[in-house]
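Engineer: So that you have it, the file is work27.csv, and it contains CSV, C-alpha atoms:
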```csv
chain,number,residue,atom,x,y,z
A,1,MET,CA,-29.5,-22.7,-29.6
A,2,ILE,CA,-26.9,-20.5,-28.0
A,3,VAL,CA,-24.1,-22.6,-26.6
A,4,CYS,CA,-21.7,-20.0,-25.2
A,5,VAL,CA,-21.5,-16.3,-24.4
A,6,ALA,CA,-18.5,-14.4,-23.2
A,7,VAL,CA,-17.7,-10.9,-22.0
A,8,VAL,CA,-14.1,-9.8,-22.5
A,9,GLY,CA,-12.5,-6.7,-21.0
A,10,HIS,CA,-10.5,-4.0,-22.7
A,11,GLN,CA,-7.2,-5.8,-22.0
A,12,ASN,CA,-8.6,-9.1,-23.4
A,13,ASN,CA,-9.2,-10.3,-19.9
A,14,PRO,CA,-12.2,-12.6,-19.6
A,15,LEU,CA,-14.9,-11.0,-17.4
A,16,TYR,CA,-17.5,-13.6,-17.9
A,17,ILE,CA,-17.7,-16.8,-19.9
A,18,GLU,CA,-20.5,-19.3,-19.7
A,19,SER,CA,-21.4,-22.3,-21.8
A,20,PHE,CA,-24.9,-23.8,-22.0
A,21,THR,CA,-24.3,-27.4,-23.1
A,22,ASP,CA,-24.6,-30.7,-21.3
A,23,ALA,CA,-21.8,-32.3,-23.1
A,24,ASP,CA,-18.2,-31.8,-21.8
A,25,ASP,CA,-17.1,-29.4,-24.5
A,26,ALA,CA,-16.7,-26.2,-22.5
A,27,LEU,CA,-13.0,-26.2,-23.3
A,28,LYS,CA,-13.7,-26.3,-27.0
A,29,LEU,CA,-16.2,-23.5,-26.7
A,30,HIS,CA,-13.7,-21.4,-24.7
A,31,HIS,CA,-11.1,-22.1,-27.4
A,32,ILE,CA,-13.5,-20.8,-30.1
A,33,VAL,CA,-14.2,-17.6,-28.0
A,34,HIS,CA,-10.4,-17.0,-27.6
A,35,CYS,CA,-9.8,-17.5,-31.3
A,36,SER,CA,-12.6,-15.1,-32.2
A,37,LEU,CA,-10.9,-12.3,-30.3
A,38,ASP,CA,-8.3,-12.1,-33.0
A,39,VAL,CA,-11.0,-11.6,-35.5
A,40,VAL,CA,-12.5,-8.8,-33.4
A,41,ASP,CA,-9.1,-7.1,-33.2
A,42,GLU,CA,-8.7,-7.3,-36.9
A,43,GLN,CA,-12.1,-5.9,-37.6
A,44,VAL,CA,-11.7,-3.0,-35.2
A,45,ASN,CA,-8.2,-2.0,-36.3
A,46,ASN,CA,-8.9,-2.3,-40.1
A,47,PRO,CA,-12.4,-1.1,-40.5
A,48,LYS,CA,-12.0,-0.4,-44.2
A,49,LYS,CA,-13.9,-3.5,-45.3
A,50,SER,CA,-16.9,-2.8,-43.3
A,51,GLY,CA,-17.9,0.2,-45.4
A,52,PRO,CA,-21.4,1.5,-44.4
A,53,THR,CA,-21.3,-0.2,-41.0
A,54,LEU,CA,-18.3,1.8,-40.0
A,55,ASN,CA,-17.8,2.1,-36.2
A,56,GLU,CA,-21.0,0.2,-35.4
A,57,THR,CA,-20.9,-1.7,-32.1
A,58,PHE,CA,-22.3,-4.8,-33.7
A,59,LEU,CA,-19.5,-6.6,-35.6
A,60,GLY,CA,-21.6,-9.3,-37.2
A,61,LEU,CA,-20.6,-12.8,-38.0
A,62,LEU,CA,-17.0,-13.2,-37.0
A,63,TYR,CA,-16.4,-16.6,-38.6
A,64,PRO,CA,-18.4,-19.7,-39.3
A,65,THR,CA,-17.0,-23.0,-38.2
A,66,GLU,CA,-18.4,-26.5,-39.1
A,67,ASN,CA,-21.0,-26.6,-36.3
A,68,TYR,CA,-21.0,-23.1,-34.8
A,69,LYS,CA,-21.5,-19.5,-35.8
A,70,VAL,CA,-19.6,-16.8,-33.8
A,71,TYR,CA,-20.9,-13.3,-33.5
A,72,GLY,CA,-19.2,-10.3,-32.0
A,73,TYR,CA,-20.1,-7.0,-30.4
A,74,PHE,CA,-17.6,-4.3,-29.4
A,75,THR,CA,-18.7,-1.4,-27.1
A,76,ASN,CA,-17.5,2.1,-26.8
A,77,THR,CA,-15.7,1.1,-23.7
A,78,LYS,CA,-13.6,-1.5,-25.4
A,79,VAL,CA,-15.5,-4.4,-23.9
A,80,LYS,CA,-16.2,-7.3,-26.3
A,81,PHE,CA,-19.2,-9.6,-26.3
A,82,ILE,CA,-18.9,-12.9,-28.0
A,83,LEU,CA,-21.8,-15.2,-28.9
A,84,VAL,CA,-21.5,-18.8,-30.1
A,85,THR,CA,-24.6,-20.5,-31.5
A,86,THR,CA,-25.4,-23.7,-33.2
A,87,ASP,CA,-28.2,-22.3,-35.3
A,88,LEU,CA,-27.1,-22.1,-38.9
A,89,ASP,CA,-29.7,-19.8,-40.2
A,90,VAL,CA,-29.9,-16.9,-37.8
A,91,ARG,CA,-31.3,-13.6,-38.7
A,92,ASP,CA,-29.0,-10.6,-38.1
A,93,THR,CA,-31.8,-8.7,-36.3
A,94,ASP,CA,-32.2,-11.4,-33.8
A,95,VAL,CA,-28.6,-11.4,-33.0
A,96,ARG,CA,-28.6,-7.6,-32.7
A,97,ASN,CA,-31.5,-7.8,-30.3
A,98,PHE,CA,-29.7,-10.4,-28.3
A,99,PHE,CA,-26.6,-8.3,-28.0
A,100,ARG,CA,-28.6,-5.2,-27.1
A,101,ARG,CA,-30.2,-7.1,-24.2
A,102,PHE,CA,-26.9,-8.6,-23.2
A,103,HIS,CA,-25.3,-5.2,-23.2
A,104,ALA,CA,-28.1,-3.8,-21.1
A,105,ALA,CA,-27.6,-6.6,-18.6
A,106,TYR,CA,-23.9,-6.0,-18.5
A,107,VAL,CA,-24.4,-2.3,-17.9
A,108,ASP,CA,-26.8,-3.0,-15.0
A,109,ALA,CA,-24.2,-5.4,-13.6
A,110,VAL,CA,-21.3,-3.0,-13.7
A,111,SER,CA,-23.4,-0.1,-12.3
A,112,ASN,CA,-23.6,-2.0,-9.1
A,113,PRO,CA,-21.6,0.1,-6.6
A,114,PHE,CA,-20.0,-3.0,-5.2
A,115,HIS,CA,-18.7,-4.1,-8.6
A,116,VAL,CA,-14.9,-3.6,-9.0
A,117,PRO,CA,-14.1,-2.6,-12.6
A,118,GLY,CA,-12.1,-5.1,-14.4
A,119,LYS,CA,-13.0,-8.0,-12.0
A,120,LYS,CA,-15.0,-11.0,-13.0
A,121,ILE,CA,-18.8,-10.4,-13.0
A,122,THR,CA,-20.4,-12.4,-10.2
A,123,SER,CA,-24.0,-11.0,-10.4
A,124,LYS,CA,-26.7,-13.6,-10.2
A,125,THR,CA,-29.2,-11.3,-12.0
A,126,PHE,CA,-26.7,-11.1,-14.8
A,127,GLU,CA,-26.6,-14.9,-15.1
A,128,LYS,CA,-30.3,-15.0,-15.4
A,129,GLY,CA,-30.7,-12.3,-18.0
B,1,MET,CA,-36.8,4.6,-19.7
B,2,GLY,CA,-34.8,7.1,-17.7
B,3,ARG,CA,-34.9,7.1,-13.9
B,4,GLU,CA,-34.9,10.4,-12.2
B,5,VAL,CA,-32.9,11.6,-9.2
B,6,SER,CA,-33.9,14.5,-7.1
B,7,GLU,CA,-31.5,17.3,-7.7
B,8,SER,CA,-31.5,18.6,-4.2
B,9,CYS,CA,-30.6,15.2,-2.9
B,10,VAL,CA,-27.6,15.0,-5.2
B,11,ASP,CA,-26.6,18.5,-4.0
B,12,SER,CA,-26.9,17.6,-0.4
B,13,LEU,CA,-25.1,14.3,-0.9
B,14,LEU,CA,-22.1,16.1,-2.6
B,15,THR,CA,-21.9,18.7,0.1
B,16,GLU,CA,-22.0,16.1,2.8
B,17,LEU,CA,-19.5,13.9,1.0
B,18,VAL,CA,-17.0,16.7,0.7
B,19,SER,CA,-17.4,17.8,4.3
B,20,THR,CA,-17.1,14.3,5.6
B,21,TYR,CA,-13.9,13.6,3.8
B,22,SER,CA,-12.3,17.0,4.3
B,23,THR,CA,-13.2,17.6,8.0
B,24,ARG,CA,-13.8,14.2,9.5
B,25,PHE,CA,-11.8,11.4,7.7
B,26,TYR,CA,-8.8,13.4,6.5
B,27,ALA,CA,-9.1,16.6,8.4
B,28,ASN,CA,-5.3,17.4,8.3
B,29,LYS,CA,-4.6,15.9,5.0
B,30,PRO,CA,-6.4,17.9,2.3
B,31,ASP,CA,-4.5,16.1,-0.5
B,32,LEU,CA,-5.6,12.7,0.7
B,33,ALA,CA,-9.2,14.0,1.0
B,34,ALA,CA,-9.1,15.4,-2.5
B,35,HIS,CA,-7.8,12.2,-3.8
B,36,SER,CA,-10.5,10.1,-2.2
B,37,ILE,CA,-13.3,12.3,-3.5
B,38,GLU,CA,-11.8,12.2,-6.9
B,39,ALA,CA,-11.6,8.4,-6.8
B,40,ILE,CA,-15.3,8.2,-5.9
B,41,GLY,CA,-16.0,10.4,-8.9
B,42,TYR,CA,-13.8,8.3,-11.1
B,43,GLN,CA,-15.9,5.2,-10.4
B,44,VAL,CA,-19.1,7.1,-11.0
B,45,GLY,CA,-17.8,8.3,-14.3
B,46,LEU,CA,-16.7,4.8,-15.2
B,47,GLN,CA,-20.2,3.4,-14.7
B,48,LEU,CA,-22.1,6.4,-16.2
B,49,SER,CA,-20.1,6.3,-19.3
B,50,GLU,CA,-20.8,2.6,-19.7
B,51,ARG,CA,-24.5,3.3,-19.6
B,52,TYR,CA,-24.6,6.5,-21.7
B,53,THR,CA,-22.5,5.1,-24.6
B,54,MET,CA,-24.7,2.0,-24.9
B,55,ASP,CA,-26.6,3.0,-28.1
B,56,ARG,CA,-23.9,4.9,-29.8
B,57,PRO,CA,-21.6,4.0,-32.6
B,58,ARG,CA,-18.0,3.7,-31.6
B,59,PHE,CA,-15.9,6.9,-31.4
B,60,SER,CA,-13.3,7.2,-34.0
B,61,ASP,CA,-11.0,9.7,-32.3
B,62,HIS,CA,-10.4,11.7,-29.1
B,63,LEU,CA,-12.2,14.8,-30.2
B,64,GLU,CA,-15.4,12.8,-30.8
B,65,ALA,CA,-15.3,11.3,-27.4
B,66,ILE,CA,-14.7,14.8,-25.8
B,67,LYS,CA,-17.6,16.1,-27.8
B,68,PHE,CA,-19.7,13.3,-26.5
B,69,ILE,CA,-18.7,14.4,-22.9
B,70,CYS,CA,-19.6,18.0,-23.7
B,71,LYS,CA,-23.0,17.3,-25.2
B,72,ASP,CA,-24.8,14.1,-24.3
B,73,PHE,CA,-22.9,13.2,-21.1
B,74,TRP,CA,-23.2,16.7,-19.7
B,75,SER,CA,-26.9,16.9,-20.6
B,76,GLU,CA,-27.6,13.7,-18.9
B,77,LEU,CA,-25.8,14.9,-15.8
B,78,PHE,CA,-26.7,18.6,-15.6
B,79,LYS,CA,-29.5,19.0,-18.2
B,80,LYS,CA,-27.3,21.4,-20.2
B,81,GLN,CA,-24.4,21.2,-22.5
B,82,ILE,CA,-20.9,22.5,-21.9
B,83,ASP,CA,-20.9,26.1,-23.1
B,84,ASN,CA,-17.5,26.4,-24.6
B,85,LEU,CA,-14.9,23.9,-25.7
B,86,LYS,CA,-11.4,24.9,-26.6
B,87,THR,CA,-8.5,22.8,-27.7
B,88,ASN,CA,-4.9,23.3,-28.7
B,89,HIS,CA,-5.1,20.1,-30.9
B,90,ARG,CA,-2.2,18.7,-28.9
B,91,GLY,CA,-4.2,16.8,-26.3
B,92,THR,CA,-5.4,19.6,-24.1
B,93,PHE,CA,-9.1,20.5,-24.0
B,94,VAL,CA,-10.8,23.2,-21.9
B,95,LEU,CA,-14.4,22.6,-21.2
B,96,GLN,CA,-16.2,25.7,-19.9
B,97,ASP,CA,-19.5,25.6,-18.1
B,98,SER,CA,-20.8,29.2,-17.6
B,99,ARG,CA,-23.1,28.2,-14.8
B,100,PHE,CA,-22.0,25.0,-13.2
B,101,ARG,CA,-24.9,23.5,-11.4
B,102,TRP,CA,-23.0,22.0,-8.5
B,103,LEU,CA,-21.4,25.3,-7.6
B,104,SER,CA,-24.5,27.4,-7.9
B,105,ARG,CA,-25.5,26.9,-4.2
B,106,VAL,CA,-22.1,26.7,-2.5
B,107,SER,CA,-21.8,29.1,0.4
B,108,ILE,CA,-19.3,29.3,3.3
B,109,ASP,CA,-20.2,29.0,7.0
B,110,PRO,CA,-19.4,32.5,8.3
B,111,SER,CA,-18.9,31.2,11.9
B,112,GLU,CA,-15.8,29.4,10.8
B,113,ASN,CA,-14.2,32.6,9.8
B,114,GLY,CA,-14.3,34.1,13.3
B,115,ASP,CA,-10.5,33.9,13.8
B,116,VAL,CA,-9.4,35.6,10.6
B,117,SER,CA,-6.7,38.2,11.1
B,118,GLU,CA,-7.8,41.8,11.5
B,119,ASP,CA,-5.8,43.3,8.7
B,120,ASN,CA,-7.2,41.3,5.8
B,121,PRO,CA,-10.3,39.4,6.7
B,122,ALA,CA,-11.9,39.6,3.3
B,123,GLY,CA,-8.8,38.1,1.6
B,124,VAL,CA,-8.6,35.2,4.0
B,125,ALA,CA,-12.3,34.4,3.7
B,126,GLU,CA,-12.0,34.5,0.0
B,127,ASN,CA,-9.1,32.2,0.1
B,128,LYS,CA,-10.9,29.7,2.3
B,129,ALA,CA,-14.0,29.9,0.0
B,130,SER,CA,-11.9,29.0,-3.0
B,131,LEU,CA,-10.3,26.1,-1.1
B,132,VAL,CA,-13.7,24.7,-0.2
B,133,THR,CA,-15.0,25.2,-3.7
B,134,LYS,CA,-11.9,23.4,-5.1
B,135,MET,CA,-12.7,20.5,-2.8
B,136,HIS,CA,-16.2,20.3,-4.3
B,137,LEU,CA,-14.8,20.2,-7.8
B,138,ASN,CA,-12.7,17.1,-7.2
B,139,PHE,CA,-15.8,15.0,-7.7
B,140,PRO,CA,-16.8,16.3,-11.2
B,141,CYS,CA,-13.1,16.1,-12.2
B,142,GLY,CA,-13.1,12.5,-11.2
B,143,ILE,CA,-16.3,11.8,-13.2
B,144,ILE,CA,-14.8,13.3,-16.4
B,145,ARG,CA,-11.6,11.3,-15.9
B,146,GLY,CA,-13.5,8.1,-15.2
B,147,ALA,CA,-15.7,8.5,-18.3
B,148,LEU,CA,-12.8,9.3,-20.6
B,149,SER,CA,-10.6,6.5,-19.3
B,150,ASN,CA,-13.4,4.0,-19.7
B,151,LEU,CA,-13.6,5.2,-23.4
B,152,GLY,CA,-9.9,4.4,-23.7
B,153,ILE,CA,-8.5,7.8,-23.2
B,154,PRO,CA,-6.2,8.1,-20.2
B,155,CYS,CA,-6.1,11.7,-19.0
B,156,ALA,CA,-5.6,14.1,-16.2
B,157,VAL,CA,-8.4,16.6,-15.3
B,158,SER,CA,-8.2,19.7,-13.3
B,159,ALA,CA,-10.6,22.5,-12.6
B,160,ASP,CA,-10.3,26.3,-12.7
B,161,ILE,CA,-12.6,28.7,-10.9
B,162,SER,CA,-11.3,32.1,-11.6
B,163,ASN,CA,-14.7,33.6,-12.3
B,164,LEU,CA,-17.6,31.9,-10.5
B,165,PRO,CA,-20.1,30.5,-11.1
B,166,ALA,CA,-18.4,29.8,-14.4
B,167,CYS,CA,-16.1,26.9,-14.1
B,168,SER,CA,-13.7,25.3,-16.6
B,169,PHE,CA,-12.3,21.8,-16.6
B,170,VAL,CA,-8.9,21.3,-18.2
B,171,VAL,CA,-8.4,17.8,-19.7
B,172,ARG,CA,-4.9,16.8,-20.6
B,173,ILE,CA,-4.7,13.5,-22.5
B,174,LYS,CA,-1.7,11.4,-21.6
B,175,VAL,CA,0.1,10.2,-24.7
```
What's the structure tokens form of this structure?

Structural biologist:
Amino acid sequence: MIVCVAVVGHQNNPLYIESFTDADDALKLHHIVHCSLDVVDEQVNNPKKSGPTLNETFLGLLYPTENYKVYGYFTNTKVKFILVTTDLDVRDTDVRNFFRRFHAAYVDAVSNPFHVPGKKITSKTFEKG
Amino acid sequence: MGREVSESCVDSLLTELVSTYSTRFYANKPDLAAHSIEAIGYQVGLQLSERYTMDRPRFSDHLEAIKFICKDFWSELFKKQIDNLKTNHRGTFVLQDSRFRWLSRVSIDPSENGDVSEDNPAGVAENKASLVTKMHLNFPCGIIRGALSNLGIPCAVSADISNLPACSFVVRIKV
């Protein structure tokens, strides 16, 4: 199950963060998202290790914790998407598909003429997607 | 699944936008009008670049991003690529479009030139035409600037119309 997703702007400002758990652990999930940003920076600035996946938008598994797996995605426009999931055996293609749909939803949201770039995303359609 | 936009609608919208800003809102302040039109273009560029770079790998340097603007971005906008790209390798790029679509149908209202001075009417009319044309170019300049800044390249864009309908955009990347 996906427990948390986040959109982070190019200055590491949160644009959208939402957790999908009943328990009161939103803070913990936000903490995980914030920590993962460092890993994103590291991967983007030192892309040597990635080898064949050079400059791909999908960053893959950022780091596994005890209960969660954190995936990252970094667009051309320096916007980062973070996904936290509790599933321990996730297929890469599923995550890729999720990010592609998530990115499409994000693009639709910012293409709204009333959206101010760099502000938090308040679109209802975006929440549903 | 691409959505299509009627070309003549965009043409009319641009013409109307320019005339509204330059003769109604800021009739006596051409600088302010130019700035507002450029700002609208900036937001359009910002949003378009978000959409058009979706399925691409990330750009590794400035040249690659500029090439993207010349090829894919321009074909999405104008159904053709930039005809000529020059650079001095120090952050200045010249993008030349030999037949810029948005200028291909620009004409000047002859009735407005009624009060031109007797000695040099052609010169004044020409001057006025180039001013109006320049005003129309603020919008595409804004689009380029918006797209590039969204890709992480802050820059200044200006346009040059020395030989119409060819048109060149000069991109200076801020270091």

Engineer: What are the residues of chain B lining chain A at 9 Å or less? Count all atoms listed in the file, and put the answer as a ChimeraX atom specification.

Structural biologist: /B:43-44,46-51,53-60,149-152

Engineer: So which one's closest to Gln11 (chain A), A:Ala105, A:Asp41, A:Asp24, A:Val33? Using only C-alpha atoms, please.

Structural biologist: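 The shortest atom-to-atom distance to Gln11 (chain A) comes from A:Asp41.
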
Engineer: Which of these residues is nearest to Phe99 (chain A), using only C-alpha atoms: A:Tyr73, A:Val84, A:Val5, A:Ala26?

Structural biologist: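 Under the stated criterion, the closest residue is A:Tyr73.
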
Engineer: When you count all atoms listed in the file, which of these residues is closest to Val18 (chain B): B:Lys80, B:Phe73, B:Lys86, B:Leu131?

Structural biologist: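 Of all the options, B:Leu131 lies closest to Val18 (chain B).
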
Engineer: Go ahead and find all residues with at least one atom no further than 12 Å from (-11.2, 14.5, -28.0) in the file's coordinates, using only C-alpha atoms; report them as a PyMOL selection string.

Structural biologist: chain B and resi 59-70+85-95+148-149+151-155+171-174

Engineer: Please measure the separation of CA of Tyr26 (chain B) and CA of Ile143 (chain B), giving the value in Å to one decimal.

Structural biologist: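 Computing the Euclidean distance for CA of Tyr26 (chain B) and CA of Ile143 (chain B) yields 21.1 Å.
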
Engineer: Work out how far CA of Tyr52 (chain B) is from CA of Arg145 (chain B), in Å to one decimal.

Structural biologist: 15.0 Å

Engineer: For Gln96 (chain B), which of B:Val132, B:Val5, B:Leu137, B:Cys167 is the closest residue, counting only C-alpha atoms?

Structural biologist: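 Of B:Val132, B:Val5, B:Leu137, B:Cys167, the one nearest Gln96 (chain B), counting only C-alpha atoms, is B:Cys167.
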